[in-house]
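Below you'll find the structure, written out as structure tokens, and then a few comments.
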Amino acid sequence: MGRLFRLLRPHSSIVFANLALMAVSQLARLLIPFSSRYLLDSVAPAHSTKLLILLLLALCMAVVVDALALSTAQQRVNALVGHLIRDLRRQLFNHTLKMPLCVLDGMSTGELVTRILDDPDGISAIAGPAVFSAVLSLISGAIVFGLLLAKSWRIGACIFIAMFLGAILIQHLIKQIGSASKPLAQLQAAAHSQVTEALLGLRLIRTCSGEGDQGRDFEWATQKIFRQHQILSLREKDLSIASIAICGSASILFIGFGGVFLIHSRWTPGEFVQFLATSMYLVAPVFTISNLGPTITRGVVALKQLEKILNIEEEAAIGTCPAPIAGEVQFHNVCFEYSRDRRALSMLSFSVPAGSTCAIVGGSGSGKSTILALLCGLYRPSLGMITMDGIDIREISCLPEYRKQLGILLQEAALFSGTIKSNILMAKPDSTDLLLREACGEAFIFEFADYFPGGLDTPVGERGILLSGGQRRRIGLARVILSNPRVLLLDEPTSGLDAFSERVVRNGLRKAGKGKTTIYVTHSIADAREADQIIVLEGGSLAESGSHLELLANAGPYFRMFSEQTSRYVESRAILNDRN
Ligand SMILES: Nc1ncnc2c1ncn2[C@@H]1O[C@H](COP(=O)(O)OP(=O)(O)OP(=O)(O)O)[C@@H](O)[C@H]1O
Ligand SMILES: [Mg+2]
């Protein structure tokens, strides 16, 4: 709720103006019960048509004032809620982009989409016009109650006790609704996740003929949502029965009290009618709150979920950072685990002098990509220290600025909907056309882009789905080359390329990395042998390091990798020779 008030604070003048407008509308409405008494006690005994016309004119004025005040307030509250939802969505999206990856890894995309797009709507239930009028009906109820108490403290006390008991019952039932709303929200987020995951992996589902299994899983998820909805609607039914019972009993109580006063001639008929009509103002809040209860409860659940996300600390974005970096990298006894039971790196130490090249090789899952992720500051080491130019990366307080100096090619080529050109320009939006074309040439982009009628302006589709894996990879490379970084961090830069493009790309990277620190992950001896230093990983630990020749002389894991790859080459040469 604190966040809601913080969000509303800049708009407090609008909030108070709307409350004032609603108060005017409520006061105008109060004219009806008072006019009935005037009609019965003054106008009717005087048989005065003139007074009746004046009374009707006053009532018409009241209706106009009520309509104008309420509609204006509602329209302004709607606009305010629209602003709040828009601001909250923006805040959530920007916050999620900056949340630490170790936190995001534990959350599903579907859940985050629900939080960012759906949950802000929940606040319209808490800050919307219905709630404003509920607050006002409570206020007018309290005013009427005060008037009643002044007239007869006995009636007031009895009504107070009845209302108090009713309020306890309603509060209990609303709590029950709240406890059913929370699991419903979780089930809906899980279903959202399932849909997102299935749509992203549709090709895999088709190739594994998994449509049936996925359909059944989703059927099960929707069945669970349906059941939870049923539970919720039963609780809502209890609430509506309780509110009708409370209001009905209150009305009987009012007629009983009024009847006694009327019989003993302590009230005129006009006073009796006025009492009955105003007493409806005491009953109205019960109806309003029980009608709004479920919506408000769902809104509160949504707001709590949003709070949880917004309370997660963002990655450091402000402060100083080493600029420009020279590119001297050191790992000092680095240990890292993604989660408690998943150690990815153990006591890893190595250094890469500025301007040199370093290849990281090793089996699948040995921690190669993890090294690059740690160097980018995407995760923090659990133990040990990583330094860039002697500065501990954990102390760099402006990671976005730091990352701008790194050219990063991730293992999975990430593209966004847009064109080939817009994807490459992401690295340097203000780049000239000449630099763009140079980068495209070095990454061998024209080799496929020229085949498309749109050339560089060809759309790539969502996540680059309209391109092949190798083509996506080359776009990633062109991005790195264009950004002209101080340090290049490349995860398998030549994977997915045919032999010819591989050679061309290798040459391009050699040119782009001239004089710069280049750290690249590779499975290819042809790539690794060119590096000044090769680091060999086994199960997250450093198995050996050195130059190509030094490692061959070691006759260790690198030598075995070399033998395996060259034996394949020798074998293929032998087959060719046999054929000839
Ligand atoms: N986000 C993650 N959450 C949890 N564990 C992870 C995550 N990413 C990787 N791992 C685990 O960390 C270990 C190292 O992974 P890493 O991606 O660094 O391997 P790799 O050497 O790059 O493998 P490959 O050659 O297959 O790309 C693996 O055991 C992997 O399962
Ligand atoms: Mg990897």
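The chains in the structure tokens are called A, B, ... from first to last as shown; in each chain the residues are counted from 1, and the ligands are counted from 1 in the order shown.
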At a cut-off of 10 Å, using only C-alpha atoms, what residues contact A:Leu52? Leave out same-chain residues fewer than 4 positions from it and give the result as an MDAnalysis selection string.
chainID A and resid 35 38:39 42:44 47:48 56:58
Within 6 Å of ligand 1, counting only C-alpha atoms and all ligand atoms, which protein or nucleic acid residues do you find, written as a PyMOL selection string?
chain A and resi 105+338+344+363-370
Output all heavy atoms of each residue in that selection to a file, as a PDB file, in the first residue's frame.
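Now in part_11.pdb:
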ATOM      1  N   ASP A 105      17.102 -15.685 -13.253  1.00  0.00           N
ATOM      2  CA  ASP A 105      17.210 -17.108 -13.619  1.00  0.00           C
ATOM      3  C   ASP A 105      16.162 -17.946 -12.888  1.00  0.00           C
ATOM      4  O   ASP A 105      15.699 -18.962 -13.395  1.00  0.00           O
ATOM      5  CB  ASP A 105      18.599 -17.660 -13.267  1.00  0.00           C
ATOM      6  CG  ASP A 105      19.641 -17.213 -14.279  1.00  0.00           C
ATOM      7  OD1 ASP A 105      19.245 -16.656 -15.314  1.00  0.00           O
ATOM      8  OD2 ASP A 105      20.845 -17.420 -14.038  1.00  0.00           O
ATOM      9  N   TYR A 338      25.886 -21.156  -9.685  1.00  0.00           N
ATOM     10  CA  TYR A 338      24.629 -20.505 -10.091  1.00  0.00           C
ATOM     11  C   TYR A 338      23.613 -20.614  -8.968  1.00  0.00           C
ATOM     12  O   TYR A 338      22.910 -19.671  -8.654  1.00  0.00           O
ATOM     13  CB  TYR A 338      24.080 -21.155 -11.369  1.00  0.00           C
ATOM     14  CG  TYR A 338      24.823 -20.732 -12.603  1.00  0.00           C
ATOM     15  CD1 TYR A 338      25.820 -21.532 -13.151  1.00  0.00           C
ATOM     16  CD2 TYR A 338      24.536 -19.522 -13.224  1.00  0.00           C
ATOM     17  CE1 TYR A 338      26.497 -21.147 -14.287  1.00  0.00           C
ATOM     18  CE2 TYR A 338      25.210 -19.124 -14.365  1.00  0.00           C
ATOM     19  CZ  TYR A 338      26.198 -19.937 -14.892  1.00  0.00           C
ATOM     20  OH  TYR A 338      26.871 -19.544 -16.023  1.00  0.00           O
ATOM     21  N   ALA A 344      29.888 -24.056 -10.804  1.00  0.00           N
ATOM     22  CA  ALA A 344      30.294 -23.987 -12.216  1.00  0.00           C
ATOM     23  C   ALA A 344      31.797 -23.761 -12.355  1.00  0.00           C
ATOM     24  O   ALA A 344      32.414 -24.262 -13.293  1.00  0.00           O
ATOM     25  CB  ALA A 344      29.534 -22.881 -12.928  1.00  0.00           C
ATOM     26  N   GLY A 363      35.477 -29.198 -22.350  1.00  0.00           N
ATOM     27  CA  GLY A 363      34.282 -29.963 -22.687  1.00  0.00           C
ATOM     28  C   GLY A 363      33.011 -29.176 -22.434  1.00  0.00           C
ATOM     29  O   GLY A 363      33.037 -28.089 -21.839  1.00  0.00           O
ATOM     30  N   SER A 364      31.912 -29.743 -22.877  1.00  0.00           N
ATOM     31  CA  SER A 364      30.619 -29.087 -22.693  1.00  0.00           C
ATOM     32  C   SER A 364      30.292 -29.033 -21.196  1.00  0.00           C
ATOM     33  O   SER A 364      30.476 -30.024 -20.484  1.00  0.00           O
ATOM     34  CB  SER A 364      29.564 -29.897 -23.441  1.00  0.00           C
ATOM     35  OG  SER A 364      28.437 -29.133 -23.585  1.00  0.00           O
ATOM     36  N   GLY A 365      29.853 -27.865 -20.736  1.00  0.00           N
ATOM     37  CA  GLY A 365      29.498 -27.709 -19.323  1.00  0.00           C
ATOM     38  C   GLY A 365      30.703 -27.483 -18.427  1.00  0.00           C
ATOM     39  O   GLY A 365      30.571 -27.513 -17.197  1.00  0.00           O
ATOM     40  N   SER A 366      31.903 -27.242 -19.026  1.00  0.00           N
ATOM     41  CA  SER A 366      33.088 -27.091 -18.179  1.00  0.00           C
ATOM     42  C   SER A 366      33.218 -25.672 -17.601  1.00  0.00           C
ATOM     43  O   SER A 366      34.098 -25.420 -16.780  1.00  0.00           O
ATOM     44  CB  SER A 366      34.352 -27.464 -18.963  1.00  0.00           C
ATOM     45  OG  SER A 366      34.426 -26.689 -20.133  1.00  0.00           O
ATOM     46  N   GLY A 367      32.352 -24.758 -18.023  1.00  0.00           N
ATOM     47  CA  GLY A 367      32.346 -23.421 -17.420  1.00  0.00           C
ATOM     48  C   GLY A 367      32.892 -22.315 -18.313  1.00  0.00           C
ATOM     49  O   GLY A 367      33.139 -21.207 -17.829  1.00  0.00           O
ATOM     50  N   LYS A 368      33.026 -22.584 -19.604  1.00  0.00           N
ATOM     51  CA  LYS A 368      33.623 -21.585 -20.509  1.00  0.00           C
ATOM     52  C   LYS A 368      32.745 -20.326 -20.611  1.00  0.00           C
ATOM     53  O   LYS A 368      33.218 -19.205 -20.418  1.00  0.00           O
ATOM     54  CB  LYS A 368      33.816 -22.207 -21.915  1.00  0.00           C
ATOM     55  CG  LYS A 368      34.681 -23.455 -21.912  1.00  0.00           C
ATOM     56  CD  LYS A 368      34.847 -24.029 -23.288  1.00  0.00           C
ATOM     57  CE  LYS A 368      33.582 -24.530 -23.936  1.00  0.00           C
ATOM     58  NZ  LYS A 368      32.965 -25.689 -23.273  1.00  0.00           N
ATOM     59  N   SER A 369      31.451 -20.540 -20.894  1.00  0.00           N
ATOM     60  CA  SER A 369      30.553 -19.374 -21.042  1.00  0.00           C
ATOM     61  C   SER A 369      30.421 -18.647 -19.708  1.00  0.00           C
ATOM     62  O   SER A 369      30.245 -17.423 -19.672  1.00  0.00           O
ATOM     63  CB  SER A 369      29.167 -19.820 -21.501  1.00  0.00           C
ATOM     64  OG  SER A 369      29.272 -20.486 -22.723  1.00  0.00           O
ATOM     65  N   THR A 370      30.521 -19.406 -18.618  1.00  0.00           N
ATOM     66  CA  THR A 370      30.394 -18.789 -17.290  1.00  0.00           C
ATOM     67  C   THR A 370      31.504 -17.761 -17.070  1.00  0.00           C
ATOM     68  O   THR A 370      31.277 -16.695 -16.499  1.00  0.00           O
ATOM     69  CB  THR A 370      30.434 -19.891 -16.210  1.00  0.00           C
ATOM     70  OG1 THR A 370      29.428 -20.846 -16.513  1.00  0.00           O
ATOM     71  CG2 THR A 370      30.213 -19.337 -14.828  1.00  0.00           C
TER      72      THR A 370
END
Could you tell me, counting only C-alpha atoms and all ligand atoms, which protein and nucleic acid residues lie no more than 12 Å from ligand 2, written as number ranges by chain?
A: 344, 360-373, 409-412, 490-493, 495, 520-523, 537, 540
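Straight-line separation from atom CA of A:Gly248 to atom CA of A:Val131: 23.3 Å.
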Could you list, as a PyMOL selection string, every residue within 12 Å of A:Ile244, counting only C-alpha atoms and ignoring same-chain residues fewer than 3 positions away?
chain A and resi 166+170+237-241+247-251+283-284+286-291
Using only C-alpha atoms, which residues sit within 12 Å of A:Phe145 once same-chain residues fewer than 4 positions away are excluded, as a PyMOL selection string?
chain A and resi 137-141+149-153+155-160+163+275+278-283
Could you list, as a ChimeraX atom specification, every residue within 12 Å of A:Pro10, counting only C-alpha atoms and ignoring same-chain residues fewer than 3 positions away?
/A:4-7,13-16,80,83-84,87
Work out how far apart atom CA of A:Ala73 and atom CA of A:Met22 are and give it in Å to one decimal.
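Atom CA of A:Met22 lies 6.5 Å from atom CA of A:Ala73.
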A:Phe34: which residues within 10 Å, counting only C-alpha atoms, same-chain residues fewer than 2 positions away excluded, as a list of chain:residue names?
A:Arg29, A:Leu30, A:Leu31, A:Ile32, A:Ser36, A:Arg37, A:Tyr38, A:Leu39, A:Gly270, A:Glu271, A:Val273, A:Gln274, A:Phe275, A:Ala277, A:Thr278
Take the residues from that selection and write them out as a compact mmCIF listing (two decimals), in the first residue's frame, keeping N, CA, C and O atoms.
# COMPACT_ATOMS: atom_id res chain seq x y z
N ARG A 29 -27.27 14.17 -3.25
CA ARG A 29 -28.15 13.00 -3.16
C ARG A 29 -28.93 12.98 -1.83
O ARG A 29 -30.05 12.48 -1.76
N LEU A 30 -28.28 13.55 -0.79
CA LEU A 30 -28.94 13.55 0.53
C LEU A 30 -30.21 14.43 0.54
O LEU A 30 -31.02 14.35 1.46
N LEU A 31 -30.34 15.27 -0.50
CA LEU A 31 -31.50 16.16 -0.57
C LEU A 31 -32.81 15.36 -0.70
O LEU A 31 -33.86 15.81 -0.26
N ILE A 32 -32.73 14.17 -1.30
CA ILE A 32 -33.95 13.39 -1.55
C ILE A 32 -34.64 12.98 -0.23
O ILE A 32 -35.82 13.28 -0.04
N SER A 36 -38.35 14.47 1.24
CA SER A 36 -39.55 13.67 1.50
C SER A 36 -40.22 14.14 2.81
O SER A 36 -41.43 14.22 2.89
N ARG A 37 -39.34 14.40 3.81
CA ARG A 37 -39.92 14.87 5.08
C ARG A 37 -40.61 16.22 4.89
O ARG A 37 -41.73 16.44 5.37
N TYR A 38 -39.96 17.11 4.13
CA TYR A 38 -40.52 18.45 3.89
C TYR A 38 -41.86 18.32 3.16
O TYR A 38 -42.83 19.01 3.46
N LEU A 39 -41.89 17.36 2.20
CA LEU A 39 -43.11 17.16 1.41
C LEU A 39 -44.26 16.70 2.33
O LEU A 39 -45.38 17.25 2.26
N GLY A 270 -43.50 12.39 8.25
CA GLY A 270 -42.36 12.95 7.49
C GLY A 270 -41.04 12.53 8.12
O GLY A 270 -40.10 12.12 7.42
N GLU A 271 -40.97 12.59 9.45
CA GLU A 271 -39.73 12.20 10.14
C GLU A 271 -39.45 10.72 9.92
O GLU A 271 -38.29 10.31 9.74
N VAL A 273 -40.39 8.85 7.31
CA VAL A 273 -39.91 8.62 5.93
C VAL A 273 -38.46 9.08 5.80
O VAL A 273 -37.62 8.40 5.18
N GLN A 274 -38.17 10.23 6.39
CA GLN A 274 -36.78 10.74 6.31
C GLN A 274 -35.81 9.76 6.98
O GLN A 274 -34.74 9.46 6.45
N PHE A 275 -36.26 9.20 8.14
CA PHE A 275 -35.41 8.23 8.86
C PHE A 275 -35.14 7.00 7.99
O PHE A 275 -34.00 6.54 7.86
N ALA A 277 -35.36 6.75 4.69
CA ALA A 277 -34.55 7.05 3.50
C ALA A 277 -33.09 7.27 3.86
O ALA A 277 -32.18 6.77 3.17
N THR A 278 -32.84 7.98 4.98
CA THR A 278 -31.43 8.23 5.34
C THR A 278 -30.76 6.95 5.83
O THR A 278 -29.55 6.75 5.66
As a PyMOL selection string, please: the residues near A:Thr295 (cut-off 9 Å, only C-alpha atoms, same-chain neighbours under 5 positions excluded).
chain A and resi 122+125-126+300
Enter the distance from atom CA of A:Leu51 to atom CA of A:Val63, in Å, rounded to one decimal.
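Computing it gives 18.3 Å between the two atoms.
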All strand (DSSP E or B) residues (DSSP, backbone) inside stretch 315-461 of chain A, as a count of residues only
39
